[in-house]
Amino acid sequence: MNTPQDNSYAISANRLHDGIVVYLAQNHQWSTEPSHALSIPSHEHALNILKNTPIPHDIIEPYIININSQNHTPSLFREQLRTLGPSVRKDLGRQAEKIKYGE
Amino acid sequence: MYRYDEFDSQIVKERVQEFRRQINMRLDGQLSENEFKPLRLMNGLYLQLHAYMLRVAIPYGTLSSKQLHTLAFIADTYDKGYGHFTTRQNIQFNWPKLTEVADILDTLADVEMHALQTSGNCIRNVTTDHWAGIVKDEIEDPRPVAELIRQWSTLHPEFSYLPRKFKIALTGAHERDFDRAAINVHDIGLRARLHPQSQEIGYEVIVGGGLGRTPMIGFSLKKWIAKEQLLSYLSAVMKVYNLLGRRDNKYKARIKILVFETGPEKFQQMVEDAYAQSEHISIDVPQEEQKRIADYFAPPNTPKISPHDIQQYEQHILSQRKLHKNFDLWCRHNLAQHKIPGYTIANISLKPTGGIPGDMSSEQMRAVADLAEQYSFSEIRVSHYQNLVLPYVPLQHLFNVWQQLHERDLAAPHHNTISDIIACPGLDYCSLATARSIPVAQEISKRFADTEKQNLIGPLSLNISGCINACGHHHVGHIGILGLDKRGKEVYQLLLGGNPDQNAQIGSVIGPGFSYEDIPAAVETVVNTYIQIRKNQDETFLETYERVGKEPFKEVLYGNAP
């Protein structure tokens, strides 16, 4: 679990053409790499970014997630699975590429 | 098997072309996501946890070898080499790209398959008994009626925007016999019945059943209606639901809530009034048309096997059973008596020990398609228990069929036992799920892998859902598990005493939930307690539960804690 100091926010979505999970990155581009996610200090700030950042037409269903500001790991188990892939098929999803949270 | 007529082919092909245009308009930005989402859902395309998911219908659970080969081709060409058979006779592909979905649908249309109405607030894929037409214990094969309902409900303009999704299931089994289609827990369940006087075959209409957030057992709306008038009567039910079903609250929008809030008698009267006022003659299905469709479902031309030959084949099977323990177990559990002498029904397990219930690799699909072509008149059935069936296996080929299934990990000998677990995809794939189902099923199946123990336990169903929507039918498992999220942790409620068949009942939550780590042991405790307290080995889990109630199980699970 995140300590309150570690808790921050990010914006996640899916890519239109293949549905793959993406994150709003620091350069306001969208990245499949969780470690590139823009770490946002407050929920209010995240809401503001979500409201004011133009969403390209090839990015769908954006929403705010909780992350650990140190390592950008999603806080909720659901989001961790979404980042990695199914826990029952380690050969599928991002985990298959052996990429873990910016390590 | 049913073959598309020119209307079916045209409708499906045109729909693929239309969806291809809609996809292209979305990709080049002419359509927004809000405009596109309802269109993709109408074509069975969901956005799930990791990617898109395409749900393909297998109407009334009947597949040909050619169709299964095509599903294998799609799995390899457009997905990741596997598919997942669901609890409603569908198959899901978990990783299709939007840019390739129209090609997938075109490929499906070439073999008379589609993904129409596998999502959205419409009449969904019509399901039936997976042994329809091949067992003795039925009044008639219900698939011709299921096909009529499919034709009537497909793209029906009045039923495209219902208050909520709508599921219909049929069985041809006698009322006293086993209902393998779970008709009592569907929005509409239909059971073949003989008219008490004329003995004409008609259907009983059961309405208002369902699982999900508010589980309910359906009630008998009409004890008997002639097949000719069945669609007209169903139209009247749909008309009442469409007008009065709640659209203000999606959690109260299913027909079961309307029936409950209106009261069964009043609802019945409203349907009768709507039926009386309808111009049903225009919907009634003449006998010639019924016969035309029924002819497609006539059994294949099975060569007659003489009693002498049957005896010889049975002797051979017996001798092989003595030599091969696994074959013996498989024969004991996975075969069912066929209505044609000399043939058997072979149930294929998609649940090897520690495997993912319902998942099938493309290689396995090809193997089963080939087996069906060689030994089952090119026909395969798909069950809502997430297994497959070879419906016409001649006894002389049984050992060979088993060997080939065994080589491909498709011959787990546990049909209707505790390790034949129903499980939804849960949080590993589903965006609605609140907890994982699959790894819980995998762990429990490992704990009960010992076939001696399975035999000791006897028939016992275990169903697991990863959220309140109950796709894993947890309310009607003899033992049910519901996965929930409590403050970021997976917690699993345990239910006992559910039953999906002709004596349907909803299971009761036994007490506080268990952690992900503890739920398999809790199931073991329940099963061990049952073995200890049952009267004798013939008393089933449900019988014991009905006799003793929750308390003995609660006591061992929770001790004296309140």
# chains A, B, ... in the order shown; residues from 1 in each chain; ligands from 1
call {"tool": "residues_around", "arguments": {"residues": "A:Pro41", "least_positions_apart": "6", "cutoff": "12 Å", "atoms": "only C-alpha atoms", "output": "list in words"}}
result
Pro4, Gln5, Asp6, Asn7, Ser8, Tyr9, Ala10, Ile11, Leu47, Asn48, Ile49, Ile64, Ile65, Asn66, Ile67, Asn68, Ser69 and Gln70 of chain A
call {"tool": "write_last_selection", "arguments": {"atoms": "N, CA, C and O atoms", "output": "PDB file, in the first residue's frame"}}
result
ATOM      1  N   PRO A   4       0.613   7.955   2.412  1.00  0.00           N
ATOM      2  CA  PRO A   4      -0.009   9.152   1.841  1.00  0.00           C
ATOM      3  C   PRO A   4       0.987   9.989   1.030  1.00  0.00           C
ATOM      4  O   PRO A   4       0.640  10.562   0.008  1.00  0.00           O
ATOM      5  N   GLN A   5       2.271  10.015   1.496  1.00  0.00           N
ATOM      6  CA  GLN A   5       3.255  10.825   0.765  1.00  0.00           C
ATOM      7  C   GLN A   5       3.543  10.261  -0.622  1.00  0.00           C
ATOM      8  O   GLN A   5       3.907  10.981  -1.540  1.00  0.00           O
ATOM      9  N   ASP A   6       3.436   8.907  -0.714  1.00  0.00           N
ATOM     10  CA  ASP A   6       3.755   8.256  -1.992  1.00  0.00           C
ATOM     11  C   ASP A   6       2.601   8.325  -2.977  1.00  0.00           C
ATOM     12  O   ASP A   6       2.768   8.033  -4.152  1.00  0.00           O
ATOM     13  N   ASN A   7       1.412   8.662  -2.479  1.00  0.00           N
ATOM     14  CA  ASN A   7       0.232   8.545  -3.333  1.00  0.00           C
ATOM     15  C   ASN A   7       0.176   9.680  -4.349  1.00  0.00           C
ATOM     16  O   ASN A   7       0.231  10.848  -3.991  1.00  0.00           O
ATOM     17  N   SER A   8       0.101   9.296  -5.591  1.00  0.00           N
ATOM     18  CA  SER A   8      -0.167  10.332  -6.594  1.00  0.00           C
ATOM     19  C   SER A   8      -1.065   9.740  -7.670  1.00  0.00           C
ATOM     20  O   SER A   8      -1.581   8.626  -7.512  1.00  0.00           O
ATOM     21  N   TYR A   9      -1.256  10.476  -8.734  1.00  0.00           N
ATOM     22  CA  TYR A   9      -2.284  10.101  -9.715  1.00  0.00           C
ATOM     23  C   TYR A   9      -1.692  10.107 -11.120  1.00  0.00           C
ATOM     24  O   TYR A   9      -0.684  10.768 -11.395  1.00  0.00           O
ATOM     25  N   ALA A  10      -2.328   9.355 -11.978  1.00  0.00           N
ATOM     26  CA  ALA A  10      -1.939   9.359 -13.389  1.00  0.00           C
ATOM     27  C   ALA A  10      -3.214   9.210 -14.210  1.00  0.00           C
ATOM     28  O   ALA A  10      -4.290   8.944 -13.659  1.00  0.00           O
ATOM     29  N   ILE A  11      -3.077   9.420 -15.503  1.00  0.00           N
ATOM     30  CA  ILE A  11      -4.240   9.252 -16.384  1.00  0.00           C
ATOM     31  C   ILE A  11      -3.944   8.109 -17.346  1.00  0.00           C
ATOM     32  O   ILE A  11      -2.900   8.091 -18.012  1.00  0.00           O
ATOM     33  N   LEU A  47      -7.951  15.815 -12.332  1.00  0.00           N
ATOM     34  CA  LEU A  47      -9.254  16.111 -12.967  1.00  0.00           C
ATOM     35  C   LEU A  47      -9.129  17.296 -13.925  1.00  0.00           C
ATOM     36  O   LEU A  47      -9.674  17.288 -15.041  1.00  0.00           O
ATOM     37  N   ASN A  48      -8.375  18.270 -13.475  1.00  0.00           N
ATOM     38  CA  ASN A  48      -8.160  19.473 -14.272  1.00  0.00           C
ATOM     39  C   ASN A  48      -7.435  19.143 -15.587  1.00  0.00           C
ATOM     40  O   ASN A  48      -7.813  19.615 -16.665  1.00  0.00           O
ATOM     41  N   ILE A  49      -6.410  18.293 -15.475  1.00  0.00           N
ATOM     42  CA  ILE A  49      -5.652  17.893 -16.682  1.00  0.00           C
ATOM     43  C   ILE A  49      -6.569  17.108 -17.625  1.00  0.00           C
ATOM     44  O   ILE A  49      -6.592  17.333 -18.838  1.00  0.00           O
ATOM     45  N   ILE A  64      -8.747   8.517 -14.375  1.00  0.00           N
ATOM     46  CA  ILE A  64      -7.671   8.766 -13.410  1.00  0.00           C
ATOM     47  C   ILE A  64      -7.400   7.495 -12.604  1.00  0.00           C
ATOM     48  O   ILE A  64      -8.331   6.821 -12.174  1.00  0.00           O
ATOM     49  N   ILE A  65      -6.120   7.192 -12.412  1.00  0.00           N
ATOM     50  CA  ILE A  65      -5.757   6.057 -11.551  1.00  0.00           C
ATOM     51  C   ILE A  65      -4.814   6.545 -10.445  1.00  0.00           C
ATOM     52  O   ILE A  65      -4.151   7.568 -10.603  1.00  0.00           O
ATOM     53  N   ASN A  66      -4.792   5.794  -9.356  1.00  0.00           N
ATOM     54  CA  ASN A  66      -3.837   6.073  -8.279  1.00  0.00           C
ATOM     55  C   ASN A  66      -2.530   5.355  -8.588  1.00  0.00           C
ATOM     56  O   ASN A  66      -2.551   4.177  -8.975  1.00  0.00           O
ATOM     57  N   ILE A  67      -1.411   6.049  -8.382  1.00  0.00           N
ATOM     58  CA  ILE A  67      -0.111   5.381  -8.555  1.00  0.00           C
ATOM     59  C   ILE A  67       0.804   5.738  -7.392  1.00  0.00           C
ATOM     60  O   ILE A  67       0.540   6.674  -6.640  1.00  0.00           O
ATOM     61  N   ASN A  68       1.875   4.966  -7.286  1.00  0.00           N
ATOM     62  CA  ASN A  68       2.926   5.297  -6.337  1.00  0.00           C
ATOM     63  C   ASN A  68       3.856   6.291  -7.027  1.00  0.00           C
ATOM     64  O   ASN A  68       4.384   6.005  -8.099  1.00  0.00           O
ATOM     65  N   SER A  69       4.045   7.453  -6.409  1.00  0.00           N
ATOM     66  CA  SER A  69       4.807   8.503  -7.086  1.00  0.00           C
ATOM     67  C   SER A  69       6.277   8.123  -7.258  1.00  0.00           C
ATOM     68  O   SER A  69       6.965   8.648  -8.120  1.00  0.00           O
ATOM     69  N   GLN A  70       6.764   7.202  -6.426  1.00  0.00           N
ATOM     70  CA  GLN A  70       8.186   6.818  -6.530  1.00  0.00           C
ATOM     71  C   GLN A  70       8.443   5.925  -7.748  1.00  0.00           C
ATOM     72  O   GLN A  70       9.359   6.169  -8.512  1.00  0.00           O
TER      73      GLN A  70
END
call {"tool": "closest_atom_pairs", "arguments": {"of": "chain A", "to": "chain B", "cutoff": "7 Å", "atoms": "only C-alpha atoms", "output": "tab-separated table"}}
result
residue	atom	partner	partner_atom	distance
A:His17	CA	B:Leu98	CA	5.1
A:Asp18	CA	B:Lys97	CA	4.1
A:Gly19	CA	B:Ala51	CA	4.3
A:Ile20	CA	B:Ala51	CA	5.1
A:Val21	CA	B:His50	CA	6.3
A:His57	CA	B:Gly29	CA	6.2
A:Ile60	CA	B:Glu33	CA	6.8
A:Leu76	CA	B:Gly488	CA	6.3
A:Phe77	CA	B:Gly488	CA	7.0
A:Arg78	CA	B:Leu427	CA	6.9
A:Leu81	CA	B:Asp428	CA	6.9
A:Arg82	CA	B:His50	CA	5.6
A:Gly85	CA	B:His50	CA	6.6
A:Pro86	CA	B:Asp428	CA	4.6
A:Ser87	CA	B:Asp428	CA	6.1
A:Val88	CA	B:Pro439	CA	6.5
call {"tool": "residues_around", "arguments": {"residues": "B:Ile149", "least_positions_apart": "6", "cutoff": "10 Å", "atoms": "only C-alpha atoms", "output": "short mmCIF file (atom, residue, chain, number, x, y, z; two decimals) with C-alpha atoms, in the first residue's frame"}}
result
data_model
loop_
_atom_site.label_atom_id
_atom_site.label_comp_id
_atom_site.auth_asym_id
_atom_site.auth_seq_id
_atom_site.Cartn_x
_atom_site.Cartn_y
_atom_site.Cartn_z
CA ILE B 123 -32.10 -10.57 -27.17
CA ASN B 125 -27.60 -15.68 -28.18
CA VAL B 126 -30.33 -18.30 -27.68
CA ARG B 143 -33.01 -26.52 -31.52
CA ILE B 168 -33.57 -17.01 -23.58
CA LEU B 230 -44.93 -19.47 -29.53
CA LEU B 231 -43.31 -16.50 -31.29
CA LEU B 234 -43.06 -14.28 -26.84
#
call {"tool": "residues_around", "arguments": {"residues": "B:Asp309", "least_positions_apart": "3", "cutoff": "12 Å", "atoms": "only C-alpha atoms", "output": "count of residues only"}}
result
14
call {"tool": "select_by_dssp", "arguments": {"residues": "chain A", "states": "strand (DSSP E or B)", "output": "PyMOL selection string"}}
result
chain A and resi 7-15+21-25+30-31+37+40+59-68+74
call {"tool": "atom_distance", "arguments": {"atom1": "atom CA of B:Arg176", "atom2": "atom CA of B:Ser232"}}
result
27.2 Å
call {"tool": "residues_around", "arguments": {"residues": "B:Cys122", "least_positions_apart": "3", "cutoff": "6 Å", "atoms": "only C-alpha atoms", "output": "MDAnalysis selection string"}}
result
chainID B and resid 159:160 162 165:166
call {"tool": "write_last_selection", "arguments": {"atoms": "C-alpha atoms", "output": "PDB file, in the first residue's frame"}}
result
ATOM      1  CA  PHE B 159     -36.003  -5.457 -29.622  1.00  0.00           C
ATOM      2  CA  SER B 160     -32.874  -3.455 -30.443  1.00  0.00           C
ATOM      3  CA  LEU B 162     -34.718  -3.085 -24.705  1.00  0.00           C
ATOM      4  CA  LYS B 165     -30.095  -7.410 -22.064  1.00  0.00           C
ATOM      5  CA  PHE B 166     -32.414 -10.385 -22.511  1.00  0.00           C
TER       6      PHE B 166
END
